[in-house]
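Comments concern the structure below.
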Amino acid sequence: MKVLLYLEGERMLEKSGIGRAFEHQKKALTCAGVDYTVDASDEYDILHINTYGFKSRQMIRRAKKNGKKVVYHAHSNAEDFRNSFIGSNQVASLYKKYLIYLYSRSDHLITPTTYAKKILESYGIQRPISVVSNGIDLEKYQVSKEKEAKFRTFFQLRPDQKVIISVGLYFHRKGITDFIEVAKQLPQYTFIWFGYTPMYTIPKDIRAIVKGDHPDNVIFPGYIKGEIIEGAYSNADLFFFPSYEETEGIVVLEALASHQNVLVRDIPVYEGWLEKDKNAYMGTTNAEFCQKIADIVEKKLPDLTQAGYETAQSKSIQQIGTELKKVYETVLKGRAVDSRSLEGMS
């Protein structure tokens, strides 16, 4: 069995969740001993496709013509497309139809959460769907005093300076405006939003926020990878992620793997793997976020980092490799995968 992992527009997507998921797939298959290639000209048995462009459609047609199996990784849906790029709400219904068209041409779908699976099922797609987390590289996010020192030096942070971080694209959907409003209410803390989106693709009000229409205690450093952001994950006083819609949220897994306390919006995507006040904190309003942030940072609430890390462990790269291998094997045999058995493994 040989798998072709395909990601159209890899350079453009490398900073996104899809790009990181693609890297996780490569590591996961290596751990599971699955032979794979990323070269579309190689021979393969299964096309595992991650993207939605014209070349992706061509790859599906070619694979089908040559009698190959197609596994589509459903990273996206119409719900998480809304409130993102300029014009996304106006074309969301068309995007939904396009996704249904693409997904329906696969032999099998993979999506990272039970919530995302339910959305796809509501579209009426008649294909088996397996739930497999995007996974997390635990080793990469182990706490390192050296990385933490590089983070604090990079941002010239005082030893006593309290820091709240978030990671994401500059989208309304990600809760960026709420992040700013909360920061205004908590001027005693420093808020850092890691991530980048080309300015010409995002609405005017978001561009204004990023370019300077924000309080002095907020920093937008852009896309930063490597030891600085890895040090930020573990050294910050809190990871605050007020997103309104996700298919999973890889950055949440990264924070949990970093032994960091996490505060997220209480939305359905976390059902089944995040438990309120057990392995993560949750809120719904900015007033509630403000209160919880202050209580977490000032250590008035229990530390949930160990329970959070155990959640990340259950979604390790090694575990994901085992689950992907099971999907591939059953697809080659022409049987539907019982996604409940996969969920029980995670």
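Labeling convention for the structure tokens: chains A, B, ... as they appear, residues from 1 per chain, ligands from 1 in order of appearance.
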Could you give me, as an NGL selection string, the residues within 7 Å of segment 217-232 of chain A, counting only C-alpha atoms and dropping anything in the same chain fewer than 5 positions from it?
:A and (141 or 144 or 147-148 or 150-151 or 183 or 187 or 189-196 or 210)
Enumerate, as a ChimeraX atom specification, the complete set of residues in segment 18-181 of chain A that a backbone-based DSSP assignment places in strand (DSSP E or B).
/A:35-37,46-49,69-73,108-111,129-131,136,163-167
Restricting the calculation to only C-alpha atoms: of A:Ser243, A:Ser166, A:Gln142, A:Gln185, which residue gets closest to Asp80 of chain A?
A:Ser243
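Of the listed residues (A:Lys27, A:Lys162, A:Lys140, A:Arg57), A:Lys140 comes nearest to Ser258 of chain A; the distances count only C-alpha atoms.
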Extract the full set of helix (DSSP H, G or I) residues from segment 27-154 of chain A according to DSSP on the backbone, and format it as a ChimeraX atom specification.
/A:27-32,54-65,78-81,88-103,114-122,139-141,145-154
Of A:Asn83, A:Ser76, A:Gln58, A:Thr305, the one sitting nearest Pro112 of chain A when using only C-alpha atoms is A:Ser76
Set the distance at 6 Å and use only C-alpha atoms: which residues neighbour Ile164 of chain A once local chain neighbours fewer than 6 positions away are removed? I'd like the list as a PyMOL selection string.
chain A and resi 191+236-239
Spatial neighbours of Glu181 of chain A, 12 Å, only C-alpha atoms, chain gap at least 6 places, as JSON, numbers by chain:
{"A": [175, 187, 191, 209, 213, 214, 215, 217, 218, 242, 285, 286, 287, 289, 290]}
Output file for the residues above (C-alpha atoms, as an mmCIF file, in the first residue's frame):
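So the final result, stored in again-v4.cif, reads:
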```
data_model
loop_
_atom_site.group_PDB
_atom_site.id
_atom_site.type_symbol
_atom_site.label_atom_id
_atom_site.label_comp_id
_atom_site.auth_asym_id
_atom_site.auth_seq_id
_atom_site.Cartn_x
_atom_site.Cartn_y
_atom_site.Cartn_z
ATOM 1 C CA GLY A 175 -12.790 36.155 17.309
ATOM 2 C CA PRO A 187 -4.746 46.929 30.200
ATOM 3 C CA PHE A 191 -1.981 40.414 24.513
ATOM 4 C CA ILE A 209 -7.290 46.651 13.764
ATOM 5 C CA ASP A 213 -6.516 50.478 15.626
ATOM 6 C CA HIS A 214 -5.929 48.539 18.811
ATOM 7 C CA PRO A 215 -4.857 49.308 22.387
ATOM 8 C CA ASN A 217 -1.181 46.369 25.185
ATOM 9 C CA VAL A 218 -1.869 44.381 21.998
ATOM 10 C CA PRO A 242 -12.238 33.133 21.154
ATOM 11 C CA THR A 285 -19.251 36.623 26.421
ATOM 12 C CA ASN A 286 -16.439 39.158 26.588
ATOM 13 C CA ALA A 287 -17.378 39.973 30.174
ATOM 14 C CA PHE A 289 -13.721 36.088 29.175
ATOM 15 C CA CYS A 290 -12.354 39.094 31.078
#
```
Considering only C-alpha atoms, can you say which of A:Asp216, A:Asp107, A:Glu139, A:Asp35 comes closest to Gln126 of chain A?
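The shortest atom-to-atom distance to Gln126 of chain A comes from A:Asp107.
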Pick from A:Lys204, A:Arg173, A:Lys26, A:Arg158 nearest to Asn89 of chain A, counting only C-alpha atoms
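Smallest separation from Asn89 of chain A among the options: A:Arg173.
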To one decimal in Å, tell me the separation between atom CA of Ser106 of chain A and atom CA of Val91 of chain A.
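Value for the atom CA of Ser106 of chain A-atom CA of Val91 of chain A distance: 23.4 Å.
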Set the distance at 10 Å and use only C-alpha atoms: which residues neighbour Ala312 of chain A once local chain neighbours fewer than 5 positions away are removed? I'd like the list as a PyMOL selection string.
chain A and resi 135-138+252-259+273+306-307+317+346
